[in-house]
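Enquirer: Next comes run20.pdb, PDB, C-alpha atoms:
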```pdb
ATOM      1  CA  MET A   1      14.036  17.946  -3.675  1.00  0.00           C
ATOM      2  CA  LYS A   2      14.210  14.196  -3.006  1.00  0.00           C
ATOM      3  CA  THR A   3      11.205  12.206  -4.220  1.00  0.00           C
ATOM      4  CA  LEU A   4      10.166   8.807  -2.886  1.00  0.00           C
ATOM      5  CA  VAL A   5       8.044   6.661  -5.214  1.00  0.00           C
ATOM      6  CA  ILE A   6       6.255   3.839  -3.393  1.00  0.00           C
ATOM      7  CA  ILE A   7       5.164   0.588  -5.053  1.00  0.00           C
ATOM      8  CA  ASN A   8       2.815  -1.335  -2.772  1.00  0.00           C
ATOM      9  CA  GLN A   9       0.908  -3.558  -5.219  1.00  0.00           C
ATOM     10  CA  ALA A  10       2.086  -6.912  -6.581  1.00  0.00           C
ATOM     11  CA  PRO A  11       3.184  -6.877 -10.248  1.00  0.00           C
ATOM     12  CA  TYR A  12       1.053  -8.005 -13.215  1.00  0.00           C
ATOM     13  CA  GLY A  13      -2.449  -7.828 -11.682  1.00  0.00           C
ATOM     14  CA  ASN A  14      -2.375  -4.058 -11.464  1.00  0.00           C
ATOM     15  CA  TRP A  15      -0.776  -1.431 -13.683  1.00  0.00           C
ATOM     16  CA  SER A  16      -0.106   1.104 -10.935  1.00  0.00           C
ATOM     17  CA  GLY A  17       3.361  -0.271 -10.184  1.00  0.00           C
ATOM     18  CA  ARG A  18       4.514   0.142 -13.783  1.00  0.00           C
ATOM     19  CA  GLU A  19       3.143   3.661 -13.821  1.00  0.00           C
ATOM     20  CA  ALA A  20       4.913   4.447 -10.551  1.00  0.00           C
ATOM     21  CA  LEU A  21       8.159   3.043 -11.952  1.00  0.00           C
ATOM     22  CA  ASP A  22       7.773   5.240 -15.049  1.00  0.00           C
ATOM     23  CA  MET A  23       7.457   8.237 -12.740  1.00  0.00           C
ATOM     24  CA  ALA A  24      10.716   7.352 -10.985  1.00  0.00           C
ATOM     25  CA  LEU A  25      12.486   6.843 -14.323  1.00  0.00           C
ATOM     26  CA  SER A  26      11.226  10.194 -15.593  1.00  0.00           C
ATOM     27  CA  LEU A  27      12.432  12.020 -12.496  1.00  0.00           C
ATOM     28  CA  ALA A  28      15.852  10.439 -12.950  1.00  0.00           C
ATOM     29  CA  ALA A  29      15.887  11.291 -16.663  1.00  0.00           C
ATOM     30  CA  PHE A  30      15.395  14.955 -15.737  1.00  0.00           C
ATOM     31  CA  ASP A  31      18.087  14.814 -13.035  1.00  0.00           C
ATOM     32  CA  GLN A  32      15.640  14.952 -10.141  1.00  0.00           C
ATOM     33  CA  PRO A  33      16.664  12.679  -7.238  1.00  0.00           C
ATOM     34  CA  ALA A  34      14.301   9.699  -7.021  1.00  0.00           C
ATOM     35  CA  THR A  35      14.191   6.667  -4.747  1.00  0.00           C
ATOM     36  CA  LEU A  36      11.954   3.614  -5.240  1.00  0.00           C
ATOM     37  CA  LEU A  37      10.458   1.886  -2.219  1.00  0.00           C
ATOM     38  CA  PHE A  38       8.802  -1.533  -2.431  1.00  0.00           C
ATOM     39  CA  THR A  39       6.523  -2.348   0.442  1.00  0.00           C
ATOM     40  CA  SER A  40       3.545  -4.559   1.324  1.00  0.00           C
ATOM     41  CA  ASP A  41       2.542  -6.770  -1.677  1.00  0.00           C
ATOM     42  CA  GLY A  42       4.837  -4.607  -3.813  1.00  0.00           C
ATOM     43  CA  VAL A  43       7.947  -6.457  -2.608  1.00  0.00           C
ATOM     44  CA  ASN A  44       6.940  -9.276  -4.975  1.00  0.00           C
ATOM     45  CA  TRP A  45       8.337  -7.095  -7.755  1.00  0.00           C
ATOM     46  CA  LEU A  46      11.747  -8.093  -6.388  1.00  0.00           C
ATOM     47  CA  ARG A  47      11.376 -11.867  -6.667  1.00  0.00           C
ATOM     48  CA  LYS A  48      13.977 -13.619  -8.833  1.00  0.00           C
ATOM     49  CA  ASP A  49      13.182 -15.681 -11.933  1.00  0.00           C
ATOM     50  CA  GLN A  50       9.647 -14.488 -12.617  1.00  0.00           C
ATOM     51  CA  GLN A  51       7.909 -16.322 -15.469  1.00  0.00           C
ATOM     52  CA  ALA A  52       5.795 -13.447 -16.766  1.00  0.00           C
ATOM     53  CA  ALA A  53       5.700 -14.761 -20.336  1.00  0.00           C
ATOM     54  CA  ALA A  54       3.350 -17.491 -19.140  1.00  0.00           C
ATOM     55  CA  ILE A  55       0.662 -14.799 -18.738  1.00  0.00           C
ATOM     56  CA  SER A  56       1.710 -12.833 -21.845  1.00  0.00           C
ATOM     57  CA  GLN A  57       3.360 -10.065 -19.848  1.00  0.00           C
ATOM     58  CA  LYS A  58       6.879  -8.706 -19.701  1.00  0.00           C
ATOM     59  CA  SER A  59       8.849  -9.540 -16.590  1.00  0.00           C
ATOM     60  CA  VAL A  60       9.253  -6.509 -14.351  1.00  0.00           C
ATOM     61  CA  ASP A  61      12.815  -7.339 -13.312  1.00  0.00           C
ATOM     62  CA  ARG A  62      14.102  -5.942 -16.628  1.00  0.00           C
ATOM     63  CA  ASN A  63      12.358  -2.647 -15.926  1.00  0.00           C
ATOM     64  CA  LEU A  64      13.961  -2.622 -12.498  1.00  0.00           C
ATOM     65  CA  ALA A  65      17.414  -3.290 -13.945  1.00  0.00           C
ATOM     66  CA  ALA A  66      16.899  -0.136 -16.032  1.00  0.00           C
ATOM     67  CA  ALA A  67      16.162   1.940 -12.929  1.00  0.00           C
ATOM     68  CA  SER A  68      19.740   2.223 -11.715  1.00  0.00           C
ATOM     69  CA  ILE A  69      21.050   2.676 -15.274  1.00  0.00           C
ATOM     70  CA  PHE A  70      18.700   5.626 -15.764  1.00  0.00           C
ATOM     71  CA  GLY A  71      19.804   7.177 -12.497  1.00  0.00           C
ATOM     72  CA  VAL A  72      17.216   6.199  -9.884  1.00  0.00           C
ATOM     73  CA  SER A  73      19.266   6.785  -6.735  1.00  0.00           C
ATOM     74  CA  GLU A  74      18.209   3.818  -4.667  1.00  0.00           C
ATOM     75  CA  LEU A  75      15.962   0.746  -4.679  1.00  0.00           C
ATOM     76  CA  LEU A  76      14.640   0.086  -1.181  1.00  0.00           C
ATOM     77  CA  ALA A  77      12.492  -2.703   0.207  1.00  0.00           C
ATOM     78  CA  ASP A  78      10.588  -2.717   3.460  1.00  0.00           C
ATOM     79  CA  HIS A  79      12.265  -5.242   5.740  1.00  0.00           C
ATOM     80  CA  GLN A  80       9.081  -6.566   7.344  1.00  0.00           C
ATOM     81  CA  SER A  81       7.268  -6.991   4.029  1.00  0.00           C
ATOM     82  CA  CYS A  82      10.184  -8.982   2.597  1.00  0.00           C
ATOM     83  CA  HIS A  83      10.141 -11.236   5.637  1.00  0.00           C
ATOM     84  CA  ARG A  84       6.385 -11.770   5.284  1.00  0.00           C
ATOM     85  CA  PHE A  85       6.703 -12.842   1.641  1.00  0.00           C
ATOM     86  CA  GLY A  86       9.773 -15.053   2.176  1.00  0.00           C
ATOM     87  CA  LEU A  87      12.131 -12.772   0.288  1.00  0.00           C
ATOM     88  CA  ASP A  88      15.804 -12.941   1.244  1.00  0.00           C
ATOM     89  CA  ASP A  89      19.246 -12.797  -0.393  1.00  0.00           C
ATOM     90  CA  HIS A  90      18.540 -16.063  -2.233  1.00  0.00           C
ATOM     91  CA  THR A  91      15.057 -15.264  -3.568  1.00  0.00           C
ATOM     92  CA  MET A  92      15.425 -11.548  -4.261  1.00  0.00           C
ATOM     93  CA  ILE A  93      17.111  -9.800  -7.211  1.00  0.00           C
ATOM     94  CA  GLU A  94      20.386  -8.002  -6.506  1.00  0.00           C
ATOM     95  CA  GLY A  95      20.886  -4.343  -5.746  1.00  0.00           C
ATOM     96  CA  ILE A  96      18.089  -3.900  -3.199  1.00  0.00           C
ATOM     97  CA  THR A  97      18.652  -2.209   0.163  1.00  0.00           C
ATOM     98  CA  LEU A  98      16.421  -3.213   3.068  1.00  0.00           C
ATOM     99  CA  ALA A  99      14.911  -0.364   5.055  1.00  0.00           C
ATOM    100  CA  ASN A 100      12.700   0.060   8.098  1.00  0.00           C
ATOM    101  CA  ILE A 101       9.837   2.344   7.134  1.00  0.00           C
ATOM    102  CA  ASN A 102       8.632   4.819   9.715  1.00  0.00           C
ATOM    103  CA  ALA A 103       7.858   8.503  10.061  1.00  0.00           C
ATOM    104  CA  ASP A 104      11.508   9.493  10.411  1.00  0.00           C
ATOM    105  CA  PHE A 105      12.328   7.624   7.208  1.00  0.00           C
ATOM    106  CA  LEU A 106       9.573   9.375   5.227  1.00  0.00           C
ATOM    107  CA  ARG A 107      10.511  12.793   6.633  1.00  0.00           C
ATOM    108  CA  ALA A 108      13.753  12.710   4.629  1.00  0.00           C
ATOM    109  CA  TYR A 109      11.771  13.120   1.380  1.00  0.00           C
ATOM    110  CA  GLY A 110      10.247  16.355   0.138  1.00  0.00           C
ATOM    111  CA  HIS A 111       7.782  14.540  -2.096  1.00  0.00           C
ATOM    112  CA  VAL A 112       6.232  11.096  -1.536  1.00  0.00           C
ATOM    113  CA  ILE A 113       4.102   9.384  -4.194  1.00  0.00           C
ATOM    114  CA  SER A 114       1.942   6.301  -3.968  1.00  0.00           C
ATOM    115  CA  LEU A 115      -0.463   5.606  -6.824  1.00  0.00           C
ATOM    116  CA  SER A 116      -2.632   3.175  -4.863  1.00  0.00           C
TER
ATOM    117  CA  MET B 117      -4.835  37.272   7.743  1.00  0.00           C
ATOM    118  CA  SER B 118      -4.276  35.842   4.287  1.00  0.00           C
ATOM    119  CA  SER B 119      -1.759  33.133   3.552  1.00  0.00           C
ATOM    120  CA  PRO B 120       0.790  33.654   0.764  1.00  0.00           C
ATOM    121  CA  ALA B 121      -0.249  32.569  -2.743  1.00  0.00           C
ATOM    122  CA  LEU B 122       1.014  29.125  -3.716  1.00  0.00           C
ATOM    123  CA  SER B 123       1.419  27.385  -7.048  1.00  0.00           C
ATOM    124  CA  PHE B 124      -0.105  23.930  -7.575  1.00  0.00           C
ATOM    125  CA  THR B 125       0.205  21.029  -9.968  1.00  0.00           C
ATOM    126  CA  LEU B 126      -2.819  18.706  -9.858  1.00  0.00           C
ATOM    127  CA  VAL B 127      -2.439  15.063 -10.886  1.00  0.00           C
ATOM    128  CA  ILE B 128      -5.605  13.079 -11.682  1.00  0.00           C
ATOM    129  CA  THR B 129      -5.201   9.280 -11.919  1.00  0.00           C
ATOM    130  CA  GLY B 130      -8.817   8.192 -11.496  1.00  0.00           C
ATOM    131  CA  ALA B 131     -11.212   8.004 -14.475  1.00  0.00           C
ATOM    132  CA  PRO B 132     -14.520   9.881 -14.631  1.00  0.00           C
ATOM    133  CA  TYR B 133     -17.651   7.754 -14.053  1.00  0.00           C
ATOM    134  CA  SER B 134     -15.731   4.944 -12.354  1.00  0.00           C
ATOM    135  CA  THR B 135     -14.151   7.129  -9.664  1.00  0.00           C
ATOM    136  CA  GLN B 136     -14.829  10.517  -8.089  1.00  0.00           C
ATOM    137  CA  ALA B 137     -11.268  11.722  -8.698  1.00  0.00           C
ATOM    138  CA  PRO B 138     -11.962  14.196 -11.566  1.00  0.00           C
ATOM    139  CA  GLN B 139     -14.925  15.698  -9.678  1.00  0.00           C
ATOM    140  CA  THR B 140     -12.990  16.085  -6.417  1.00  0.00           C
ATOM    141  CA  ALA B 141     -10.046  17.562  -8.298  1.00  0.00           C
ATOM    142  CA  LEU B 142     -12.300  20.115 -10.020  1.00  0.00           C
ATOM    143  CA  ALA B 143     -13.797  21.220  -6.704  1.00  0.00           C
ATOM    144  CA  PHE B 144     -10.257  21.549  -5.311  1.00  0.00           C
ATOM    145  CA  ALA B 145      -9.125  23.492  -8.393  1.00  0.00           C
ATOM    146  CA  ARG B 146     -12.015  25.954  -8.136  1.00  0.00           C
ATOM    147  CA  ALA B 147     -11.371  26.486  -4.428  1.00  0.00           C
ATOM    148  CA  THR B 148      -7.647  26.925  -5.060  1.00  0.00           C
ATOM    149  CA  VAL B 149      -8.184  29.678  -7.623  1.00  0.00           C
ATOM    150  CA  ALA B 150     -10.917  31.304  -5.532  1.00  0.00           C
ATOM    151  CA  ALA B 151      -8.457  31.533  -2.635  1.00  0.00           C
ATOM    152  CA  GLY B 152      -5.983  33.429  -4.813  1.00  0.00           C
ATOM    153  CA  HIS B 153      -3.564  30.589  -5.542  1.00  0.00           C
ATOM    154  CA  ARG B 154      -2.271  29.571  -8.954  1.00  0.00           C
ATOM    155  CA  ILE B 155      -2.580  26.235 -10.779  1.00  0.00           C
ATOM    156  CA  ASP B 156       0.479  25.656 -12.972  1.00  0.00           C
ATOM    157  CA  ARG B 157      -0.962  22.635 -14.761  1.00  0.00           C
ATOM    158  CA  VAL B 158      -3.322  19.677 -14.508  1.00  0.00           C
ATOM    159  CA  PHE B 159      -1.674  16.364 -15.387  1.00  0.00           C
ATOM    160  CA  LEU B 160      -3.756  13.310 -16.312  1.00  0.00           C
ATOM    161  CA  TYR B 161      -2.062   9.988 -15.614  1.00  0.00           C
ATOM    162  CA  GLY B 162      -3.189   6.358 -15.797  1.00  0.00           C
ATOM    163  CA  ASP B 163      -6.988   6.078 -16.062  1.00  0.00           C
ATOM    164  CA  GLY B 164      -7.195   9.841 -15.498  1.00  0.00           C
ATOM    165  CA  VAL B 165      -6.546  10.351 -19.223  1.00  0.00           C
ATOM    166  CA  TYR B 166     -10.150   9.320 -19.970  1.00  0.00           C
ATOM    167  CA  LEU B 167     -11.109  12.802 -18.821  1.00  0.00           C
ATOM    168  CA  ALA B 168      -9.506  14.137 -22.029  1.00  0.00           C
ATOM    169  CA  SER B 169     -11.695  12.143 -24.441  1.00  0.00           C
ATOM    170  CA  ASN B 170     -14.078  14.206 -26.556  1.00  0.00           C
ATOM    171  CA  LEU B 171     -16.216  11.129 -27.213  1.00  0.00           C
ATOM    172  CA  ALA B 172     -17.596  10.541 -23.708  1.00  0.00           C
ATOM    173  CA  SER B 173     -21.349  11.132 -23.851  1.00  0.00           C
ATOM    174  CA  PRO B 174     -22.965  10.706 -20.446  1.00  0.00           C
ATOM    175  CA  PRO B 175     -26.788  10.999 -20.181  1.00  0.00           C
ATOM    176  CA  SER B 176     -27.939  14.624 -20.344  1.00  0.00           C
ATOM    177  CA  ASP B 177     -29.133  14.616 -16.730  1.00  0.00           C
ATOM    178  CA  GLU B 178     -25.660  13.657 -15.453  1.00  0.00           C
ATOM    179  CA  ALA B 179     -22.683  15.968 -14.964  1.00  0.00           C
ATOM    180  CA  ASN B 180     -20.265  15.974 -17.900  1.00  0.00           C
ATOM    181  CA  TRP B 181     -16.933  16.147 -16.086  1.00  0.00           C
ATOM    182  CA  SER B 182     -14.912  16.433 -19.260  1.00  0.00           C
ATOM    183  CA  HIS B 183     -16.944  19.495 -20.363  1.00  0.00           C
ATOM    184  CA  GLN B 184     -16.708  21.075 -16.927  1.00  0.00           C
ATOM    185  CA  TRP B 185     -12.959  20.547 -16.717  1.00  0.00           C
ATOM    186  CA  ARG B 186     -12.391  21.895 -20.229  1.00  0.00           C
ATOM    187  CA  ALA B 187     -14.432  25.014 -19.443  1.00  0.00           C
ATOM    188  CA  PHE B 188     -12.422  25.565 -16.260  1.00  0.00           C
ATOM    189  CA  LEU B 189      -9.071  25.136 -18.000  1.00  0.00           C
ATOM    190  CA  GLU B 190     -10.052  27.569 -20.769  1.00  0.00           C
ATOM    191  CA  GLU B 191     -11.490  30.171 -18.428  1.00  0.00           C
ATOM    192  CA  LYS B 192      -8.472  30.134 -16.116  1.00  0.00           C
ATOM    193  CA  ALA B 193      -5.872  29.559 -18.870  1.00  0.00           C
ATOM    194  CA  VAL B 194      -4.511  26.486 -17.075  1.00  0.00           C
ATOM    195  CA  PRO B 195      -2.667  23.894 -19.220  1.00  0.00           C
ATOM    196  CA  GLY B 196      -4.214  20.407 -19.120  1.00  0.00           C
ATOM    197  CA  VAL B 197      -1.846  17.621 -20.158  1.00  0.00           C
ATOM    198  CA  ALA B 198      -2.527  13.899 -20.624  1.00  0.00           C
ATOM    199  CA  CYS B 199       0.463  11.551 -20.254  1.00  0.00           C
ATOM    200  CA  ILE B 200       1.257  10.206 -23.702  1.00  0.00           C
ATOM    201  CA  ALA B 201       2.071   6.648 -22.563  1.00  0.00           C
ATOM    202  CA  SER B 202      -1.138   6.392 -20.519  1.00  0.00           C
ATOM    203  CA  ALA B 203      -3.184   7.995 -23.307  1.00  0.00           C
ATOM    204  CA  LEU B 204      -1.962   5.820 -26.164  1.00  0.00           C
ATOM    205  CA  ARG B 205      -2.582   2.621 -24.212  1.00  0.00           C
ATOM    206  CA  ARG B 206      -6.147   3.731 -23.551  1.00  0.00           C
ATOM    207  CA  GLY B 207      -7.037   5.087 -26.980  1.00  0.00           C
ATOM    208  CA  ILE B 208      -6.777   8.814 -26.278  1.00  0.00           C
ATOM    209  CA  VAL B 209      -5.046  10.230 -29.341  1.00  0.00           C
ATOM    210  CA  ASP B 210      -4.194  13.603 -30.880  1.00  0.00           C
ATOM    211  CA  ASP B 211      -3.677  14.298 -34.588  1.00  0.00           C
ATOM    212  CA  ASN B 212       0.085  13.687 -34.434  1.00  0.00           C
ATOM    213  CA  GLU B 213      -0.317  10.261 -32.837  1.00  0.00           C
ATOM    214  CA  LYS B 214      -3.189   9.456 -35.170  1.00  0.00           C
ATOM    215  CA  GLN B 215      -0.809   9.938 -38.098  1.00  0.00           C
ATOM    216  CA  ARG B 216       2.137   8.222 -36.430  1.00  0.00           C
ATOM    217  CA  TYR B 217       0.162   5.059 -35.644  1.00  0.00           C
ATOM    218  CA  GLU B 218      -2.099   5.312 -38.714  1.00  0.00           C
ATOM    219  CA  LEU B 219      -5.238   5.323 -36.580  1.00  0.00           C
ATOM    220  CA  PRO B 220      -8.733   6.010 -37.981  1.00  0.00           C
ATOM    221  CA  ALA B 221      -9.449   8.987 -35.693  1.00  0.00           C
ATOM    222  CA  SER B 222      -8.180  11.329 -33.007  1.00  0.00           C
ATOM    223  CA  ASN B 223     -10.210  12.201 -29.915  1.00  0.00           C
ATOM    224  CA  ILE B 224      -8.276  14.520 -27.592  1.00  0.00           C
ATOM    225  CA  ALA B 225     -10.582  17.223 -26.229  1.00  0.00           C
ATOM    226  CA  ALA B 226      -9.161  20.762 -26.450  1.00  0.00           C
ATOM    227  CA  PRO B 227      -7.665  22.433 -24.477  1.00  0.00           C
ATOM    228  CA  PHE B 228      -6.151  19.154 -23.248  1.00  0.00           C
ATOM    229  CA  SER B 229      -2.930  18.166 -24.973  1.00  0.00           C
ATOM    230  CA  ILE B 230      -0.759  15.046 -24.943  1.00  0.00           C
ATOM    231  CA  ALA B 231       2.813  15.172 -23.620  1.00  0.00           C
ATOM    232  CA  GLY B 232       5.325  13.147 -21.635  1.00  0.00           C
ATOM    233  CA  LEU B 233       5.889  12.644 -17.926  1.00  0.00           C
ATOM    234  CA  GLY B 234       8.404  15.489 -18.140  1.00  0.00           C
ATOM    235  CA  GLU B 235       5.412  17.804 -17.655  1.00  0.00           C
ATOM    236  CA  TRP B 236       4.756  16.154 -14.297  1.00  0.00           C
ATOM    237  CA  VAL B 237       8.463  16.302 -13.382  1.00  0.00           C
ATOM    238  CA  GLU B 238       8.322  20.033 -14.098  1.00  0.00           C
ATOM    239  CA  GLY B 239       5.453  20.277 -11.633  1.00  0.00           C
ATOM    240  CA  VAL B 240       7.383  18.379  -8.955  1.00  0.00           C
ATOM    241  CA  ALA B 241      10.408  20.605  -9.509  1.00  0.00           C
ATOM    242  CA  ARG B 242       8.646  23.983  -9.748  1.00  0.00           C
ATOM    243  CA  SER B 243       5.192  23.987  -8.142  1.00  0.00           C
ATOM    244  CA  ASP B 244       4.893  24.696  -4.421  1.00  0.00           C
ATOM    245  CA  ARG B 245       2.477  21.754  -4.043  1.00  0.00           C
ATOM    246  CA  VAL B 246       1.659  18.677  -6.118  1.00  0.00           C
ATOM    247  CA  ILE B 247      -1.727  17.185  -5.214  1.00  0.00           C
ATOM    248  CA  TYR B 248      -2.854  13.721  -6.354  1.00  0.00           C
ATOM    249  CA  PHE B 249      -6.430  12.600  -7.006  1.00  0.00           C
ATOM    250  CA  HIS B 250      -6.553   8.801  -7.166  1.00  0.00           C
ATOM    251  CA  GLY B 251      -9.464   6.518  -7.840  1.00  0.00           C
ATOM    252  CA  GLY B 252      -8.813   4.336  -4.812  1.00  0.00           C
ATOM    253  CA  ASN B 253      -9.437   0.613  -4.795  1.00  0.00           C
TER
END
```
As a first step, turn the structure in this file into structure tokens.

Expert:
Amino acid sequence: MKTLVIINQAPYGNWSGREALDMALSLAAFDQPATLLFTSDGVNWLRKDQQAAAISQKSVDRNLAAASIFGVSELLADHQSCHRFGLDDHTMIEGITLANINADFLRAYGHVISLS
Amino acid sequence: MSSPALSFTLVITGAPYSTQAPQTALAFARATVAAGHRIDRVFLYGDGVYLASNLASPPSDEANWSHQWRAFLEEKAVPGVACIASALRRGIVDDNEKQRYELPASNIAAPFSIAGLGEWVEGVARSDRVIYFHGGN
């Protein structure tokens, strides 16, 4: 069964995104198909050159780089949300596929998780 | 006409006393069993792990959600599992982790145990339904 894990909160101010990412990594570790979707404020996870050390946190882009290594099938970003936050090929990390989120898109997944 | 029995995994991510998630989940769990369905496991994630502390001491005229959940799990023989990463960050510890991290005490409330997210993955893979109880914003 395909699982979609949705991250819709900006990084650092809220732990739910890290916990959602851990869920996706765990699914992949146990050979369960998992896709990550960044939408709404969550697309800010995908911004290049984050300076997380300035607030004594670890940058999330390293965690994301691990996602494909550990077998997360796909990293998707909602097209409209990226546009709203000024994210494009130049400002976004590599390896992200833009998607248009609607009912038909969600129907392809047997299990959809959003922690917030 | 009765519907076929289903198996459930319940995931609680909201803490007791700051959200209604553990209370709502318990009402759902009781109704699920009463309707003849099965609960494979209850998985505590994020702030939900606070439900597994044996140190919470609410005033005596308030519901003790940890006690009520523990009684339910024991009576129905349902495994209750707290995510180890969430639990350690929040100071919910069993005897093994107490020794590993050389902590002064352990505080996991039986029958809850501490284990990895693999327990939740098992629920996603095997249970007919996985239901989430979040705290909301």

Enquirer: Can you work out the spacing between CA of Gly196 in chain B and CA of Gly164 in chain B in Å, to one decimal?

Expert: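 These two atoms are separated by 11.6 Å.
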
Enquirer: Under the ChimeraX specification (/B :<9) & /A, which residues of this model are included? Write them out as an mmCIF file with C-alpha atoms, keeping the file's coordinate frame.

Expert:
```cif
data_model
loop_
_atom_site.group_PDB
_atom_site.id
_atom_site.type_symbol
_atom_site.label_atom_id
_atom_site.label_comp_id
_atom_site.auth_asym_id
_atom_site.auth_seq_id
_atom_site.Cartn_x
_atom_site.Cartn_y
_atom_site.Cartn_z
ATOM 1 C CA MET A 1 14.036 17.946 -3.675
ATOM 2 C CA THR A 3 11.205 12.206 -4.220
ATOM 3 C CA TRP A 15 -0.776 -1.431 -13.683
ATOM 4 C CA SER A 16 -0.106 1.104 -10.935
ATOM 5 C CA GLU A 19 3.143 3.661 -13.821
ATOM 6 C CA ASP A 22 7.773 5.240 -15.049
ATOM 7 C CA MET A 23 7.457 8.237 -12.740
ATOM 8 C CA SER A 26 11.226 10.194 -15.593
ATOM 9 C CA LEU A 27 12.432 12.020 -12.496
ATOM 10 C CA ALA A 29 15.887 11.291 -16.663
ATOM 11 C CA PHE A 30 15.395 14.955 -15.737
ATOM 12 C CA GLN A 32 15.640 14.952 -10.141
ATOM 13 C CA HIS A 111 7.782 14.540 -2.096
ATOM 14 C CA ILE A 113 4.102 9.384 -4.194
ATOM 15 C CA LEU A 115 -0.463 5.606 -6.824
ATOM 16 C CA SER A 116 -2.632 3.175 -4.863
#
```

Enquirer: Please provide the set of residues having any atom within 6 Å of range 213-229 of chain B, restricted to all atoms listed in the file, with same-chain residues fewer than 4 positions apart removed, written as a list of chain:residue names.

Expert: B:Ala168, B:Ser169, B:Asn170, B:Gly196, B:Val197, B:Val209

Enquirer: Give the answer as one residue: which of A:Leu76, A:Leu36, A:Leu46, A:Leu4 has the shortest atom-to-atom distance to Asp88 in chain A, using all atoms listed in the file?

Expert: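 Result for the nearest residue to Asp88 in chain A: A:Leu46.
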
Enquirer: Can you report as lines of an AutoDock Vina configuration file the centre and edge lengths in Å, to one decimal, of an axis-aligned box around the listed atoms of range 161-166 of chain B padded with 4 Å on each side?

Expert:
```
center_x = -6.1
center_y = 8.2
center_z = -17.7
size_x = 16.1
size_y = 12.3
size_z = 12.5
```

Enquirer: Residues picked by the PyMOL selection byres ((chain B and resi 148-150) around 12) here, as a list in words?

Expert: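 This file gives the following for the PyMOL selection byres ((chain B and resi 148-150) around 12): Ala121, Leu122, Ser123, Phe124, Thr125, Leu126, Ala141, Leu142, Ala143, Phe144, Ala145, Arg146, Ala147, Ala151, Gly152, His153, Arg154, Ile155, Asp156, Phe188, Leu189, Glu191, Lys192, Ala193, Val194, Arg245 and Ile247 of chain B.
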
Enquirer: List every protein, DNA or RNA residue that has at least one atom no more than 9 Å from (20.5, -2.3, -11.3) in the file's coordinates, counting all atoms listed in the file, and write the result as a PyMOL selection string.

Expert: chain A and resi 64-69+75+94-96

Enquirer: Starting from the structure just given, write a file holding range 217-230 of chain B with N, CA and C atoms, as a PDB file, in the first residue's frame.

Expert:
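Result went into part-v5.pdb, see below:
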```pdb
ATOM      1  N   TYR B 217      21.447   5.404  29.226  1.00  0.00           N
ATOM      2  CA  TYR B 217      21.792   6.832  29.310  1.00  0.00           C
ATOM      3  C   TYR B 217      22.177   7.259  30.726  1.00  0.00           C
ATOM      4  N   GLU B 218      22.293   6.278  31.619  1.00  0.00           N
ATOM      5  CA  GLU B 218      22.702   6.538  33.009  1.00  0.00           C
ATOM      6  C   GLU B 218      21.831   7.623  33.633  1.00  0.00           C
ATOM      7  N   LEU B 219      20.524   7.413  33.535  1.00  0.00           N
ATOM      8  CA  LEU B 219      19.553   8.369  34.077  1.00  0.00           C
ATOM      9  C   LEU B 219      19.197   7.992  35.512  1.00  0.00           C
ATOM     10  N   PRO B 220      18.711   8.957  36.311  1.00  0.00           N
ATOM     11  CA  PRO B 220      18.428   8.672  37.723  1.00  0.00           C
ATOM     12  C   PRO B 220      17.160   7.843  37.951  1.00  0.00           C
ATOM     13  N   ALA B 221      16.284   7.745  36.941  1.00  0.00           N
ATOM     14  CA  ALA B 221      15.017   7.037  37.174  1.00  0.00           C
ATOM     15  C   ALA B 221      14.414   6.584  35.855  1.00  0.00           C
ATOM     16  N   SER B 222      13.482   5.654  35.925  1.00  0.00           N
ATOM     17  CA  SER B 222      12.644   5.323  34.777  1.00  0.00           C
ATOM     18  C   SER B 222      11.208   5.625  35.163  1.00  0.00           C
ATOM     19  N   ASN B 223      10.340   5.834  34.155  1.00  0.00           N
ATOM     20  CA  ASN B 223       8.976   6.271  34.490  1.00  0.00           C
ATOM     21  C   ASN B 223       7.921   5.770  33.518  1.00  0.00           C
ATOM     22  N   ILE B 224       8.232   4.726  32.736  1.00  0.00           N
ATOM     23  CA  ILE B 224       7.216   4.215  31.808  1.00  0.00           C
ATOM     24  C   ILE B 224       6.145   3.478  32.623  1.00  0.00           C
ATOM     25  N   ALA B 225       4.892   3.730  32.283  1.00  0.00           N
ATOM     26  CA  ALA B 225       3.776   3.143  33.032  1.00  0.00           C
ATOM     27  C   ALA B 225       3.337   1.851  32.349  1.00  0.00           C
ATOM     28  N   ALA B 226       3.487   0.710  33.032  1.00  0.00           N
ATOM     29  CA  ALA B 226       2.995  -0.556  32.488  1.00  0.00           C
ATOM     30  C   ALA B 226       1.487  -0.452  32.288  1.00  0.00           C
ATOM     31  N   PRO B 227       0.937  -1.072  31.238  1.00  0.00           N
ATOM     32  CA  PRO B 227       1.566  -1.987  30.289  1.00  0.00           C
ATOM     33  C   PRO B 227       2.203  -1.302  29.073  1.00  0.00           C
ATOM     34  N   PHE B 228       2.348   0.025  29.103  1.00  0.00           N
ATOM     35  CA  PHE B 228       3.016   0.676  27.974  1.00  0.00           C
ATOM     36  C   PHE B 228       4.460   0.194  27.893  1.00  0.00           C
ATOM     37  N   SER B 229       4.972   0.103  26.673  1.00  0.00           N
ATOM     38  CA  SER B 229       6.377  -0.208  26.473  1.00  0.00           C
ATOM     39  C   SER B 229       6.949   0.802  25.478  1.00  0.00           C
ATOM     40  N   ILE B 230       8.267   0.779  25.339  1.00  0.00           N
ATOM     41  CA  ILE B 230       8.949   1.703  24.427  1.00  0.00           C
ATOM     42  C   ILE B 230       9.518   0.891  23.267  1.00  0.00           C
TER      43      ILE B 230
END
```
